[in-house]
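One file, structure09.cif, carrying mmCIF, C-alpha atoms and all ligand atoms:
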data_start
#
loop_
_atom_site.label_atom_id
_atom_site.label_comp_id
_atom_site.auth_asym_id
_atom_site.auth_seq_id
_atom_site.Cartn_x
_atom_site.Cartn_y
_atom_site.Cartn_z
CA MET F 1 15.10 0.58 -28.46
CA PRO F 2 12.74 -1.55 -30.54
CA THR F 3 10.93 -0.10 -33.54
CA SER F 4 7.18 -0.26 -34.04
CA PRO F 5 4.89 -0.14 -37.05
CA ASP F 6 2.55 2.36 -35.33
CA PRO F 7 3.65 5.75 -36.77
CA ARG F 8 2.82 7.65 -33.57
CA ILE F 9 4.96 5.28 -31.54
CA ALA F 10 7.72 5.45 -34.14
CA ASP F 11 7.55 9.27 -34.01
CA TYR F 12 7.83 9.23 -30.25
CA PHE F 13 10.81 6.87 -30.37
CA GLU F 14 12.46 9.30 -32.77
CA ARG F 15 11.76 12.30 -30.54
CA VAL F 16 13.29 10.45 -27.61
CA ARG F 17 16.32 9.35 -29.62
CA GLN F 18 16.88 12.86 -30.89
CA ALA F 19 16.58 14.46 -27.46
CA LEU F 20 19.02 11.99 -25.95
CA ARG F 21 21.41 12.45 -28.85
CA GLU F 22 21.32 16.23 -28.42
CA MET F 23 22.24 15.81 -24.78
CA GLY F 24 25.00 13.32 -25.56
CA ILE F 25 23.22 10.49 -23.75
CA PRO F 26 23.40 6.96 -25.21
CA ASP F 27 19.87 5.57 -25.58
CA SER F 28 21.12 2.20 -24.34
CA LEU F 29 21.25 3.78 -20.89
CA ALA F 30 17.51 3.46 -20.34
CA THR F 31 17.58 -0.22 -21.24
CA GLU F 32 20.49 -0.81 -18.90
CA ARG F 33 18.51 0.77 -16.08
CA ARG F 34 15.42 -1.32 -16.85
CA GLN F 35 13.35 1.74 -17.63
CA SER F 36 10.42 1.46 -20.01
CA LEU F 37 9.45 4.07 -22.55
CA GLN F 38 6.52 6.07 -21.15
CA PHE F 39 4.01 7.69 -23.48
CA GLU F 40 2.36 11.02 -22.85
CA GLY F 41 -1.18 10.78 -21.52
CA ASP F 42 -3.81 12.25 -23.81
CA ASP F 43 -6.89 12.48 -21.60
CA LEU F 44 -5.64 14.82 -18.90
CA ILE F 45 -7.85 16.76 -16.53
CA SER F 46 -7.07 19.27 -13.82
CA ILE F 47 -6.79 18.08 -10.23
CA GLY F 48 -6.33 21.62 -8.91
CA VAL F 49 -3.23 23.61 -8.10
CA ASP F 50 -0.14 22.61 -6.14
CA GLN F 51 1.35 24.54 -3.23
CA LEU F 52 2.98 26.96 -5.66
CA GLY F 53 -0.28 27.62 -7.47
CA ARG F 54 0.65 25.63 -10.56
CA GLU F 55 -2.15 23.62 -12.12
CA GLN F 56 -1.61 19.88 -11.88
CA ARG F 57 -3.19 17.36 -14.23
CA LEU F 58 -3.74 13.61 -14.31
CA GLU F 59 -5.23 11.19 -16.81
CA ARG F 60 -8.99 11.07 -16.25
CA ARG F 61 -9.26 7.72 -14.45
CA ALA F 62 -6.16 8.42 -12.35
CA ALA F 63 -7.62 11.80 -11.43
CA ALA F 64 -10.86 10.19 -10.26
CA ALA F 65 -8.97 7.60 -8.21
CA TRP F 66 -6.74 10.32 -6.73
CA CYS F 67 -9.76 12.41 -5.71
CA ALA F 68 -11.41 9.38 -4.11
CA MET F 69 -8.20 8.45 -2.28
CA ARG F 70 -7.56 11.98 -1.04
CA ALA F 71 -11.15 12.22 0.24
CA ALA F 72 -10.88 8.87 2.03
CA ALA F 73 -7.61 9.92 3.67
CA GLY F 74 -9.19 13.21 4.71
CA GLU F 75 -12.05 11.37 6.40
CA GLU F 76 -9.43 9.59 8.49
CA GLY F 77 -7.69 12.86 9.38
CA VAL F 78 -4.83 12.50 6.88
CA GLU F 79 -4.27 15.37 4.46
CA LEU F 80 -2.73 14.57 1.06
CA PHE F 81 -1.85 17.01 -1.71
CA ALA F 82 -0.43 16.70 -5.20
CA ALA F 83 3.14 18.00 -5.33
CA SER F 84 3.67 17.01 -8.97
CA ALA F 85 1.54 15.02 -11.39
CA TYR F 86 1.64 15.03 -15.23
CA ARG F 87 4.89 16.19 -16.78
CA SER F 88 5.34 16.37 -20.54
CA PHE F 89 8.26 14.91 -22.45
CA ASP F 90 9.50 18.44 -23.23
CA TYR F 91 9.32 19.50 -19.60
CA GLN F 92 11.34 16.44 -18.52
CA ARG F 93 13.86 17.16 -21.27
CA GLN F 94 14.30 20.67 -19.87
CA ILE F 95 14.79 19.33 -16.33
CA ILE F 96 17.59 17.00 -17.46
CA ALA F 97 19.19 19.58 -19.74
CA ARG F 98 19.22 22.13 -16.91
CA LYS F 99 20.86 19.70 -14.51
CA LEU F 100 23.50 18.73 -17.09
CA ALA F 101 24.15 22.41 -17.83
CA ALA F 102 24.62 23.00 -14.10
CA GLY F 103 27.43 20.45 -14.17
CA GLN F 104 25.70 17.53 -12.47
CA ALA F 105 26.92 14.08 -13.47
CA LEU F 106 24.44 12.06 -15.48
CA GLU F 107 24.74 9.05 -13.17
CA GLN F 108 23.82 11.28 -10.23
CA ILE F 109 20.92 12.90 -12.08
CA LEU F 110 19.45 9.53 -12.96
CA THR F 111 19.18 8.47 -9.32
CA VAL F 112 16.47 11.11 -8.88
CA SER F 113 15.20 11.98 -12.37
CA ALA F 114 14.13 9.84 -15.31
CA LEU F 115 15.39 10.42 -18.82
CA PRO F 116 12.92 12.28 -21.06
CA GLY F 117 10.62 9.66 -22.54
CA PHE F 118 11.03 7.38 -19.54
CA SER F 119 9.30 9.26 -16.73
CA GLU F 120 6.10 7.73 -15.37
CA HIS F 121 4.90 11.32 -14.97
CA HIS F 122 4.49 11.51 -18.77
CA THR F 123 1.56 9.10 -18.59
CA GLY F 124 -0.59 11.24 -16.32
CA ARG F 125 -0.92 8.26 -13.98
CA ALA F 126 1.99 9.07 -11.62
CA ILE F 127 1.71 11.51 -8.77
CA ASP F 128 4.15 12.83 -6.19
CA ILE F 129 2.16 13.09 -2.99
CA GLY F 130 2.82 15.58 -0.22
CA THR F 131 1.35 16.33 3.17
CA PRO F 132 1.36 19.53 5.25
CA GLY F 133 4.31 19.94 7.59
CA SER F 134 6.72 17.87 5.49
CA PRO F 135 8.87 19.33 2.67
CA PRO F 136 7.49 17.83 -0.56
CA ILE F 137 9.41 15.27 -2.60
CA THR F 138 11.95 14.51 0.12
CA ALA F 139 12.82 11.45 2.18
CA ALA F 140 11.10 13.12 5.15
CA PHE F 141 7.79 11.93 3.71
CA GLU F 142 8.60 8.43 4.94
CA VAL F 143 7.99 9.36 8.57
CA THR F 144 4.64 11.10 8.03
CA PRO F 145 1.21 9.68 8.92
CA ALA F 146 0.33 10.29 5.26
CA TYR F 147 2.92 7.73 4.11
CA ALA F 148 1.74 5.22 6.70
CA TRP F 149 -1.82 5.73 5.46
CA LEU F 150 -0.78 5.24 1.82
CA LEU F 151 1.12 2.04 2.61
CA HIS F 152 -2.03 0.69 4.17
CA SER F 153 -4.67 2.07 1.82
CA ALA F 154 -3.33 3.27 -1.53
CA ALA F 155 -3.73 -0.16 -3.15
CA ASN F 156 -7.47 0.06 -2.48
CA PHE F 157 -7.54 2.94 -4.94
CA GLY F 158 -5.25 1.36 -7.51
CA PHE F 159 -2.05 3.21 -6.54
CA ARG F 160 1.30 1.55 -5.92
CA MET F 161 4.75 2.84 -5.07
CA SER F 162 7.08 2.72 -8.08
CA TYR F 163 10.42 3.06 -6.36
CA PRO F 164 10.66 1.15 -3.10
CA ARG F 165 14.04 0.58 -1.49
CA GLY F 166 16.32 -1.61 -3.59
CA ASN F 167 14.31 -1.13 -6.78
CA PRO F 168 15.98 -2.49 -9.94
CA HIS F 169 16.00 0.92 -11.70
CA GLY F 170 18.80 2.50 -9.68
CA VAL F 171 16.34 5.13 -8.46
CA VAL F 172 16.50 6.29 -4.86
CA PHE F 173 13.70 5.26 -2.50
CA GLU F 174 10.78 7.55 -3.37
CA PRO F 175 8.05 7.15 -0.73
CA TRP F 176 6.18 10.08 -2.32
CA HIS F 177 5.89 8.71 -5.88
CA TRP F 178 2.79 6.61 -6.60
CA LEU F 179 1.51 5.17 -9.87
CA PHE F 180 -2.13 4.51 -10.69
CA ASP F 181 -2.65 1.11 -12.29
CA ALA F 182 -5.69 1.32 -14.55
CA SER F 183 -6.03 -2.46 -14.57
CA SER F 184 -6.49 -2.65 -10.82
CA LYS F 185 -9.95 -3.97 -9.86
CA ALA F 186 -9.72 -2.23 -6.51
CA CYS F 187 -9.35 1.13 -8.16
CA CYS F 188 -12.36 0.67 -10.38
CA ALA F 189 -14.52 -0.32 -7.42
CA ALA F 190 -13.40 2.77 -5.52
CA VAL F 191 -13.87 5.09 -8.46
CA ASN F 192 -17.26 3.71 -9.42
CA ALA F 193 -18.50 3.76 -5.84
CA ASP F 194 -17.67 7.45 -5.75
CA GLY F 195 -19.58 8.01 -8.95
CA ILE F 196 -16.75 10.07 -10.40
CA GLU F 197 -16.23 8.05 -13.54
ZN ZN L 201 7.50 11.31 -9.12
#
Step by step, read the file and then write its structure as structure tokens.
Ligand SMILES: [Zn+2]
Amino acid sequence: MPTSPDPRIADYFERVRQALREMGIPDSLATERRQSLQFEGDDLISIGVDQLGREQRLERRAAAAWCAMRAAAGEEGVELFAASAYRSFDYQRQIIARKLAAGQALEQILTVSALPGFSEHHTGRAIDIGTPGSPPITAAFEVTPAYAWLLHSAANFGFRMSYPRGNPHGVVFEPWHWLFDASSKACCAAVNADGIE
């Protein structure tokens, strides 16, 4: 991993290095899998609770775009909900540590979970989207009207799918995982039109 003169970035690099070292994971692994370091979002707001009653948060602009997108889908008879949004570095570290402790092979874990420090969920701009009648965060989402709607419309709100089939990161096809791109003009138009920002 490169070093940086910004002390906060350097601190974060060190936290990531240390966590990986403690788990016996070489930090070259992320580079090999073409994964970028993801920083924790710092302007997070609540987007309500998930199906299990746990509060979910997104970075402010992503939250506004998500609300606008969910409302637009609803107007077309498609119900979307947040299955998982922001996840901290520490939370991701616990997920990986738990899977390793349960005896899962690292290679297998990395097809479905990012290393701590490398999950897009850290940023508060990634969201796992679910819809009623389909078990969340499973391949079954691909055959839902919600997925068809997202393929057609999500870009209008600044969201794109991170892990399509054959992605270069060695991650399984994740039709449920969408990332808000703050630089998207479409998203800003949608957010501003809704007057959320
Ligand atoms: Zn995800």
Hey, which residues come within 9 Å of ligand ZN 201 (chain L) if we count only C-alpha atoms and all ligand atoms? Could you give them as a list in words?
->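 Selection of residues at most 9 Å from ligand ZN 201 (chain L): Ala83, Ser84, Ala85, Val112, Ser113, Ser119, Glu120, His121, Ala126, Ile127, Asp128, Ile129, Ile137, Ser162, Glu174, Trp176, His177, Trp178 and Leu179 of chain F.
Counting only C-alpha atoms and comparing F:Pro116, F:Pro135, F:Ile47, F:Asp181, the residue that lies closest to F:Arg21 is F:Pro116.
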Quick one: of F:Leu37, F:Gly24, F:Thr144, F:Phe159, who's nearest to F:Ala63, counting all atoms listed in the file?
-> F:Phe159
Find the distance between atom CA of F:His122 and atom CA of F:Arg87 and write it in Å to one decimal.
->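 Atom CA of F:Arg87 lies 5.1 Å from atom CA of F:His122.
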Taking all atoms of stretch 18-21 of chain F that the file lists and extending 8 Å past them on each side, where is the centre of the axis-aligned box and how long are its edges? Answer in Å to one decimal, as AutoDock Vina command-line options.
--center_x 19.0 --center_y 13.2 --center_z -28.4 --size_x 20.8 --size_y 18.5 --size_z 20.9
So what do you get for atom CA of F:Gly124 versus atom CA of F:Tyr86, distance-wise?
-> 4.5 Å
Would you work out the distance separating atom CA of F:Gly74 from atom CA of F:Asp43, expressed in Å to one decimal?
->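 Separation between atom CA of F:Gly74 and atom CA of F:Asp43: 26.4 Å.
The closest residue to F:Ala19, picked from F:Asp6, F:Glu32, F:Asp90, F:Glu107 and counting only C-alpha atoms, is F:Asp90.
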